[in-house]
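Coordinates as given in coords-v5.cif (mmCIF, C-alpha atoms):
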```
data_coords
#
loop_
_atom_site.group_PDB
_atom_site.id
_atom_site.type_symbol
_atom_site.label_atom_id
_atom_site.label_comp_id
_atom_site.auth_asym_id
_atom_site.auth_seq_id
_atom_site.Cartn_x
_atom_site.Cartn_y
_atom_site.Cartn_z
ATOM 1 C CA MET G 562 91.613 107.047 110.951
ATOM 2 C CA ALA G 563 94.882 108.950 111.160
ATOM 3 C CA SER G 564 95.243 111.433 114.018
ATOM 4 C CA PRO G 565 96.669 114.945 113.563
ATOM 5 C CA ASP G 566 99.994 113.626 114.932
ATOM 6 C CA ASP G 567 99.896 110.792 112.401
ATOM 7 C CA LEU G 568 99.347 113.286 109.606
ATOM 8 C CA ARG G 569 102.239 115.442 110.826
ATOM 9 C CA LEU G 570 104.491 112.356 110.823
ATOM 10 C CA ILE G 571 103.425 111.259 107.338
ATOM 11 C CA ASP G 572 103.828 114.789 106.012
ATOM 12 C CA ARG G 573 107.284 115.086 107.588
ATOM 13 C CA LEU G 574 108.485 111.756 106.144
ATOM 14 C CA HIS G 575 107.091 112.242 102.636
ATOM 15 C CA GLY G 576 109.824 113.429 100.347
ATOM 16 C CA GLY G 577 112.739 113.168 102.710
ATOM 17 C CA PHE G 578 114.290 111.052 105.415
ATOM 18 C CA PRO G 579 117.511 112.076 107.141
ATOM 19 C CA LEU G 580 120.683 110.183 106.334
ATOM 20 C CA SER G 581 122.257 110.050 109.762
ATOM 21 C CA ASP G 582 123.235 107.610 112.481
ATOM 22 C CA ARG G 583 119.840 108.046 114.200
ATOM 23 C CA PRO G 584 117.354 109.208 111.543
ATOM 24 C CA PHE G 585 114.273 108.309 113.607
ATOM 25 C CA ALA G 586 115.608 110.305 116.561
ATOM 26 C CA GLU G 587 116.238 113.266 114.257
ATOM 27 C CA VAL G 588 112.691 113.156 112.862
ATOM 28 C CA ALA G 589 111.252 112.647 116.353
ATOM 29 C CA ALA G 590 113.074 115.741 117.631
ATOM 30 C CA SER G 591 111.629 117.815 114.770
ATOM 31 C CA LEU G 592 108.131 116.626 115.742
ATOM 32 C CA GLY G 593 108.573 117.018 119.503
ATOM 33 C CA CYS G 594 108.403 113.356 120.474
ATOM 34 C CA THR G 595 110.789 110.544 121.344
ATOM 35 C CA GLU G 596 112.420 108.148 118.907
ATOM 36 C CA ASP G 597 110.508 105.196 120.431
ATOM 37 C CA MET G 598 107.195 107.051 120.141
ATOM 38 C CA LEU G 599 107.877 107.828 116.487
ATOM 39 C CA ILE G 600 108.834 104.233 115.642
ATOM 40 C CA ASP G 601 105.749 102.892 117.492
ATOM 41 C CA ARG G 602 103.486 105.332 115.625
ATOM 42 C CA LEU G 603 105.015 104.379 112.273
ATOM 43 C CA GLN G 604 104.623 100.654 113.005
ATOM 44 C CA ARG G 605 100.985 101.206 114.005
ATOM 45 C CA LEU G 606 100.267 103.139 110.779
ATOM 46 C CA LEU G 607 101.743 100.267 108.768
ATOM 47 C CA ALA G 608 99.959 97.549 110.779
ATOM 48 C CA HIS G 609 96.561 99.257 110.388
ATOM 49 C CA GLY G 610 97.044 99.878 106.678
ATOM 50 C CA ASP G 611 97.059 103.688 106.974
ATOM 51 C CA LEU G 612 100.463 103.399 105.274
ATOM 52 C CA THR G 613 101.067 100.557 102.849
ATOM 53 C CA ARG G 614 104.848 100.865 102.805
ATOM 54 C CA PHE G 615 107.672 102.854 104.293
ATOM 55 C CA GLY G 616 111.036 102.782 102.612
ATOM 56 C CA PRO G 617 113.190 104.157 99.857
ATOM 57 C CA LEU G 618 112.460 104.042 96.154
ATOM 58 C CA PHE G 619 115.336 102.802 94.031
ATOM 59 C CA GLN G 620 116.131 103.061 90.361
ATOM 60 C CA ILE G 621 116.617 99.322 90.161
ATOM 61 C CA GLU G 622 117.996 99.413 86.616
ATOM 62 C CA ARG G 623 121.060 101.301 87.863
ATOM 63 C CA ALA G 624 121.806 98.315 90.081
ATOM 64 C CA GLY G 625 121.294 95.795 87.249
ATOM 65 C CA GLY G 626 117.754 94.770 88.158
ATOM 66 C CA ARG G 627 114.417 95.363 86.532
ATOM 67 C CA PHE G 628 110.796 96.202 87.348
ATOM 68 C CA VAL G 629 108.204 95.013 84.826
ATOM 69 C CA LEU G 630 104.489 95.762 84.913
ATOM 70 C CA ALA G 631 102.520 92.638 84.039
ATOM 71 C CA ALA G 632 98.899 91.568 83.810
ATOM 72 C CA MET G 633 96.751 88.475 83.566
ATOM 73 C CA ALA G 634 93.142 87.692 82.699
ATOM 74 C CA VAL G 635 92.120 85.727 85.798
ATOM 75 C CA PRO G 636 88.693 84.047 85.947
ATOM 76 C CA GLU G 637 86.719 85.646 88.775
ATOM 77 C CA GLU G 638 86.318 82.392 90.704
ATOM 78 C CA ARG G 639 90.129 82.019 90.822
ATOM 79 C CA PHE G 640 91.035 85.664 91.463
ATOM 80 C CA ASP G 641 91.697 85.423 95.217
ATOM 81 C CA ALA G 642 93.645 82.167 94.899
ATOM 82 C CA VAL G 643 95.873 83.527 92.112
ATOM 83 C CA ALA G 644 96.387 86.776 94.055
ATOM 84 C CA ALA G 645 97.559 84.693 97.032
ATOM 85 C CA GLN G 646 99.935 82.699 94.815
ATOM 86 C CA LEU G 647 101.498 85.883 93.454
ATOM 87 C CA GLY G 648 101.571 87.457 96.902
ATOM 88 C CA ALA G 649 103.693 84.554 98.134
ATOM 89 C CA MET G 650 106.369 85.168 95.487
ATOM 90 C CA ALA G 651 109.366 87.254 96.541
ATOM 91 C CA GLU G 652 109.687 88.638 92.996
ATOM 92 C CA ILE G 653 106.215 90.210 93.013
ATOM 93 C CA ALA G 654 106.335 93.720 94.442
ATOM 94 C CA HIS G 655 102.534 94.043 94.596
ATOM 95 C CA ASN G 656 99.408 92.984 92.726
ATOM 96 C CA TYR G 657 96.029 94.611 92.395
ATOM 97 C CA ARG G 658 92.698 94.399 90.594
ATOM 98 C CA ARG G 659 92.132 96.655 87.596
ATOM 99 C CA GLU G 660 89.778 96.029 84.718
ATOM 100 C CA SER G 661 91.355 96.574 81.303
ATOM 101 C CA ALA G 662 90.203 95.144 78.004
ATOM 102 C CA HIS G 663 92.679 92.941 76.181
ATOM 103 C CA PRO G 664 93.472 94.816 72.949
ATOM 104 C CA ASP G 665 93.790 91.686 70.802
ATOM 105 C CA GLN G 666 90.828 89.711 72.133
ATOM 106 C CA PRO G 667 87.514 91.615 72.127
ATOM 107 C CA GLY G 668 85.036 89.942 74.440
ATOM 108 C CA ALA G 669 87.758 88.023 76.307
ATOM 109 C CA THR G 670 88.157 88.127 80.073
ATOM 110 C CA PRO G 671 89.679 91.524 80.763
ATOM 111 C CA LEU G 672 93.171 91.857 82.105
ATOM 112 C CA ASN G 673 92.038 92.161 85.697
ATOM 113 C CA MET G 674 95.119 91.305 87.768
ATOM 114 C CA TRP G 675 98.056 93.649 87.487
ATOM 115 C CA PHE G 676 101.347 93.210 89.272
ATOM 116 C CA VAL G 677 104.959 94.303 89.283
ATOM 117 C CA ILE G 678 107.760 91.812 88.770
ATOM 118 C CA ALA G 679 110.878 93.013 90.600
ATOM 119 C CA VAL G 680 114.114 91.117 90.016
ATOM 120 C CA GLU G 681 117.769 91.658 90.870
ATOM 121 C CA HIS G 682 118.964 90.837 87.357
ATOM 122 C CA ALA G 683 117.163 91.814 84.150
ATOM 123 C CA ASP G 684 117.532 88.305 82.705
ATOM 124 C CA GLN G 685 115.346 86.863 85.523
ATOM 125 C CA VAL G 686 112.105 88.393 84.218
ATOM 126 C CA ASP G 687 111.415 85.577 81.742
ATOM 127 C CA ARG G 688 112.042 82.919 84.410
ATOM 128 C CA VAL G 689 109.556 84.587 86.784
ATOM 129 C CA THR G 690 106.960 85.029 84.033
ATOM 130 C CA GLU G 691 107.296 81.357 83.038
ATOM 131 C CA ALA G 692 107.008 80.269 86.684
ATOM 132 C CA ILE G 693 103.783 82.249 87.109
ATOM 133 C CA GLU G 694 102.327 80.761 83.923
ATOM 134 C CA ALA G 695 103.253 77.226 85.037
ATOM 135 C CA MET G 696 101.849 77.794 88.539
ATOM 136 C CA THR G 697 98.553 79.378 87.435
ATOM 137 C CA GLY G 698 98.014 77.945 83.953
ATOM 138 C CA LEU G 699 97.313 81.483 82.750
ATOM 139 C CA PRO G 700 99.284 83.613 80.276
ATOM 140 C CA VAL G 701 101.214 86.582 81.643
ATOM 141 C CA TYR G 702 101.381 89.755 79.577
ATOM 142 C CA ALA G 703 104.516 91.757 80.367
ATOM 143 C CA PHE G 704 104.767 95.475 79.706
ATOM 144 C CA PRO G 705 108.423 96.472 80.083
ATOM 145 C CA LYS G 706 109.163 100.094 80.851
ATOM 146 C CA GLU G 707 109.963 102.093 77.746
ATOM 147 C CA ARG G 708 110.475 105.437 79.426
ATOM 148 C CA GLU G 709 110.650 106.567 83.033
ATOM 149 C CA PHE G 710 108.879 109.549 84.493
ATOM 150 C CA PHE G 711 109.418 111.015 87.937
ATOM 151 C CA VAL G 712 106.280 112.447 89.463
ATOM 152 C CA GLU G 713 106.305 113.460 93.104
ATOM 153 C CA LEU G 714 102.710 113.939 94.094
ATOM 154 C CA ARG G 715 102.368 115.539 97.504
ATOM 155 C CA LEU G 716 98.831 116.056 98.669
ATOM 156 C CA PRO G 717 98.346 118.365 101.651
ATOM 157 C CA LEU G 718 97.611 116.390 104.812
ATOM 158 C CA LEU G 719 97.488 119.286 107.236
ATOM 159 C CA PRO G 720 94.983 122.135 107.415
ATOM 160 C CA GLY G 721 96.002 124.977 105.144
ATOM 161 C CA GLY G 722 98.167 122.706 102.992
ATOM 162 C CA HIS G 723 101.324 123.458 104.974
ATOM 163 C CA HIS G 724 104.149 120.943 105.090
ATOM 164 C CA VAL G 725 106.193 120.191 108.188
ATOM 165 C CA ALA G 726 109.772 121.409 107.745
ATOM 166 C CA GLY G 727 112.485 118.770 107.934
#
```

What would you get if you wrote out this structure as structure tokens?
Amino acid sequence: MASPDDLRLIDRLHGGFPLSDRPFAEVAASLGCTEDMLIDRLQRLLAHGDLTRFGPLFQIERAGGRFVLAAMAVPEERFDAVAAQLGAMAEIAHNYRRESAHPDQPGATPLNMWFVIAVEHADQVDRVTEAIEAMTGLPVYAFPKEREFFVELRLPLLPGGHHVAG
């Protein structure tokens, strides 16, 4: 469970991180703690799963890369093993369970494993998809991005819905 100090830190970091020589020291000063304390707190939040990631979001296409949402219909008895195989691949940003019916195959195993393929060069997507199919013996359904939307959802973490100024 996140403490009030944890929530203040998360709120302060969401939506902005200073671009300076010592960004952690700058954030720590705004929160009234030391740089080491802030870094330790952030590492603890990540280690305990209170935060799943901390880092920038990039528009990978501007750098020549590509993100592709993909899915597979994985038999339940193989789900954990296939998830581990994908989790070991550097090109898989994350994978998760979600039940979705396959539009072309009524009654088929639903598309239940969803993941994001993240590659440095757009032409690598097919190679990664083929490697996953060869490794798992299951077809991969890729859903390339057609249009991008930017949605910054900020839920209030502090009483009264106030955000910590940066």

I'd like a table as CSV: residues in stretch 603-700 of chain G with an atom no more than 12 Å from stretch 594-598 of chain G, each row giving the shortest atom pair and its distance in Å to one decimal, all atoms listed in the file counted, sorted by chain and rising residue number.
```
residue,atom,partner,partner_atom,distance
G:Leu603,CA,G:Met598,CA,8.6
G:Gln604,CA,G:Met598,CA,9.9
G:Arg605,CA,G:Met598,CA,10.5
```

Output C-alpha atoms of each residue in that selection to a file, as a CSV table (one decimal), in the frame of the given file.
```
chain,number,residue,atom,x,y,z
G,603,LEU,CA,105.0,104.4,112.3
G,604,GLN,CA,104.6,100.7,113.0
G,605,ARG,CA,101.0,101.2,114.0
```

Residue IDs satisfying the PyMOL selection byres ((chain G and resi 697-711) around 7), as a PyMOL selection string: chain G and resi 629-633+643+690+693-696+712-713

If the PyMOL selection byres ((chain G and resi 672-686) around 7) were run on this exact file, what residues would it hold? Put them as JSON, numbers by chain. {"G": [625, 626, 627, 628, 629, 630, 631, 632, 633, 634, 635, 652, 653, 654, 655, 656, 657, 658, 659, 660, 661, 662, 663, 670, 671, 687, 688, 689, 690]}

Option closest in space to G:Arg602, from G:Gly577, G:Gly616, G:Pro720, G:Pro565 [counting all atoms listed in the file]: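 For G:Arg602, the nearest of the candidates is G:Pro565.
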
Let me know the residues the PyMOL selection byres ((chain G and resi 568-574) around 9) catches in the file above, as a list in words.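 Applied to this file, the PyMOL selection byres ((chain G and resi 568-574) around 9) selects Ala563, Ser564, Pro565, Asp566, Asp567, His575, Gly576, Gly577, Phe578, Val588, Ala589, Ser591, Leu592, Leu599, Arg602, Leu603, Leu612, Arg715, Leu716, Pro717, Leu718, Leu719, His724, Val725, Ala726 and Gly727 of chain G.
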
Quick one: what's the axis-aligned box for stretch 652-659 of chain G, all listed atoms, 6 Å on every side, centre and edges in Å to one decimal, as JSON?
```
{"center_x": 100.9, "center_y": 92.6, "center_z": 91.1, "size_x": 29.6, "size_y": 20.0, "size_z": 19.0}
```

Interatomic distance, atom CA of G:Pro584 to atom CA of G:Ile600 (Å, one decimal):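 A separation of 10.7 Å between them.
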
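Note that atom CA of G:Glu638 and atom CA of G:Arg614 are 28.8 Å apart.
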
Please measure the separation of atom CA of G:Ile621 and atom CA of G:Leu606, giving the value in Å to one decimal.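 One can read the atom CA of G:Ile621 to atom CA of G:Leu606 distance as 26.6 Å.
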
Could you rebuild stretch 688-699 of chain G with all heavy atoms and give me the result as a compact mmCIF listing (two decimals), keeping the file's coordinate frame?
```txt
# COMPACT_ATOMS: atom_id res chain seq x y z
N ARG G 688 112.17 84.06 83.50
CA ARG G 688 112.04 82.92 84.41
C ARG G 688 110.84 83.11 85.34
O ARG G 688 110.06 82.19 85.56
CB ARG G 688 113.32 82.74 85.23
CG ARG G 688 113.24 81.59 86.23
CD ARG G 688 114.40 81.56 87.20
NE ARG G 688 114.60 82.78 87.95
CZ ARG G 688 113.89 83.15 89.02
NH1 ARG G 688 112.89 82.40 89.45
NH2 ARG G 688 114.17 84.27 89.67
N VAL G 689 110.68 84.31 85.87
CA VAL G 689 109.56 84.59 86.78
C VAL G 689 108.23 84.50 86.03
O VAL G 689 107.27 83.89 86.51
CB VAL G 689 109.73 85.96 87.47
CG1 VAL G 689 108.48 86.35 88.25
CG2 VAL G 689 110.96 85.96 88.36
N THR G 690 108.17 85.08 84.85
CA THR G 690 106.96 85.03 84.03
C THR G 690 106.59 83.58 83.73
O THR G 690 105.42 83.19 83.86
CB THR G 690 107.17 85.82 82.72
OG1 THR G 690 107.47 87.18 83.05
CG2 THR G 690 105.94 85.80 81.85
N GLU G 691 107.56 82.77 83.33
CA GLU G 691 107.30 81.36 83.04
C GLU G 691 106.84 80.60 84.28
O GLU G 691 105.96 79.74 84.21
CB GLU G 691 108.55 80.72 82.45
CG GLU G 691 108.86 81.21 81.04
CD GLU G 691 110.27 80.87 80.58
OE1 GLU G 691 110.99 80.11 81.28
OE2 GLU G 691 110.66 81.35 79.49
N ALA G 692 107.41 80.93 85.43
CA ALA G 692 107.01 80.27 86.68
C ALA G 692 105.56 80.60 87.03
O ALA G 692 104.80 79.73 87.47
CB ALA G 692 107.94 80.68 87.82
N ILE G 693 105.17 81.85 86.83
CA ILE G 693 103.78 82.25 87.11
C ILE G 693 102.83 81.52 86.17
O ILE G 693 101.78 81.01 86.59
CB ILE G 693 103.62 83.77 86.99
CG1 ILE G 693 104.42 84.47 88.10
CG2 ILE G 693 102.14 84.18 87.04
CD1 ILE G 693 104.56 85.98 87.91
N GLU G 694 103.18 81.45 84.89
CA GLU G 694 102.33 80.76 83.92
C GLU G 694 102.20 79.28 84.26
O GLU G 694 101.11 78.71 84.18
CB GLU G 694 102.87 80.96 82.51
CG GLU G 694 102.69 82.37 82.01
CD GLU G 694 103.25 82.62 80.62
OE1 GLU G 694 104.13 81.84 80.17
OE2 GLU G 694 102.81 83.58 79.98
N ALA G 695 103.29 78.65 84.68
CA ALA G 695 103.25 77.23 85.04
C ALA G 695 102.41 77.01 86.29
O ALA G 695 101.64 76.05 86.39
CB ALA G 695 104.67 76.69 85.24
N MET G 696 102.54 77.92 87.26
CA MET G 696 101.85 77.79 88.54
C MET G 696 100.34 78.03 88.39
O MET G 696 99.53 77.34 89.01
CB MET G 696 102.45 78.81 89.52
CG MET G 696 101.81 78.87 90.88
SD MET G 696 102.70 79.99 91.99
CE MET G 696 102.57 81.55 91.11
N THR G 697 99.96 78.99 87.54
CA THR G 697 98.55 79.38 87.44
C THR G 697 97.84 78.80 86.22
O THR G 697 96.61 78.76 86.18
CB THR G 697 98.42 80.92 87.35
OG1 THR G 697 99.03 81.38 86.14
CG2 THR G 697 99.04 81.59 88.56
N GLY G 698 98.61 78.40 85.20
CA GLY G 698 98.01 77.94 83.95
C GLY G 698 97.44 79.08 83.12
O GLY G 698 96.67 78.85 82.19
N LEU G 699 97.83 80.30 83.45
CA LEU G 699 97.31 81.48 82.75
C LEU G 699 98.46 82.24 82.10
O LEU G 699 99.56 82.31 82.66
CB LEU G 699 96.61 82.42 83.74
CG LEU G 699 95.41 81.84 84.49
CD1 LEU G 699 95.00 82.76 85.62
CD2 LEU G 699 94.26 81.61 83.52
```
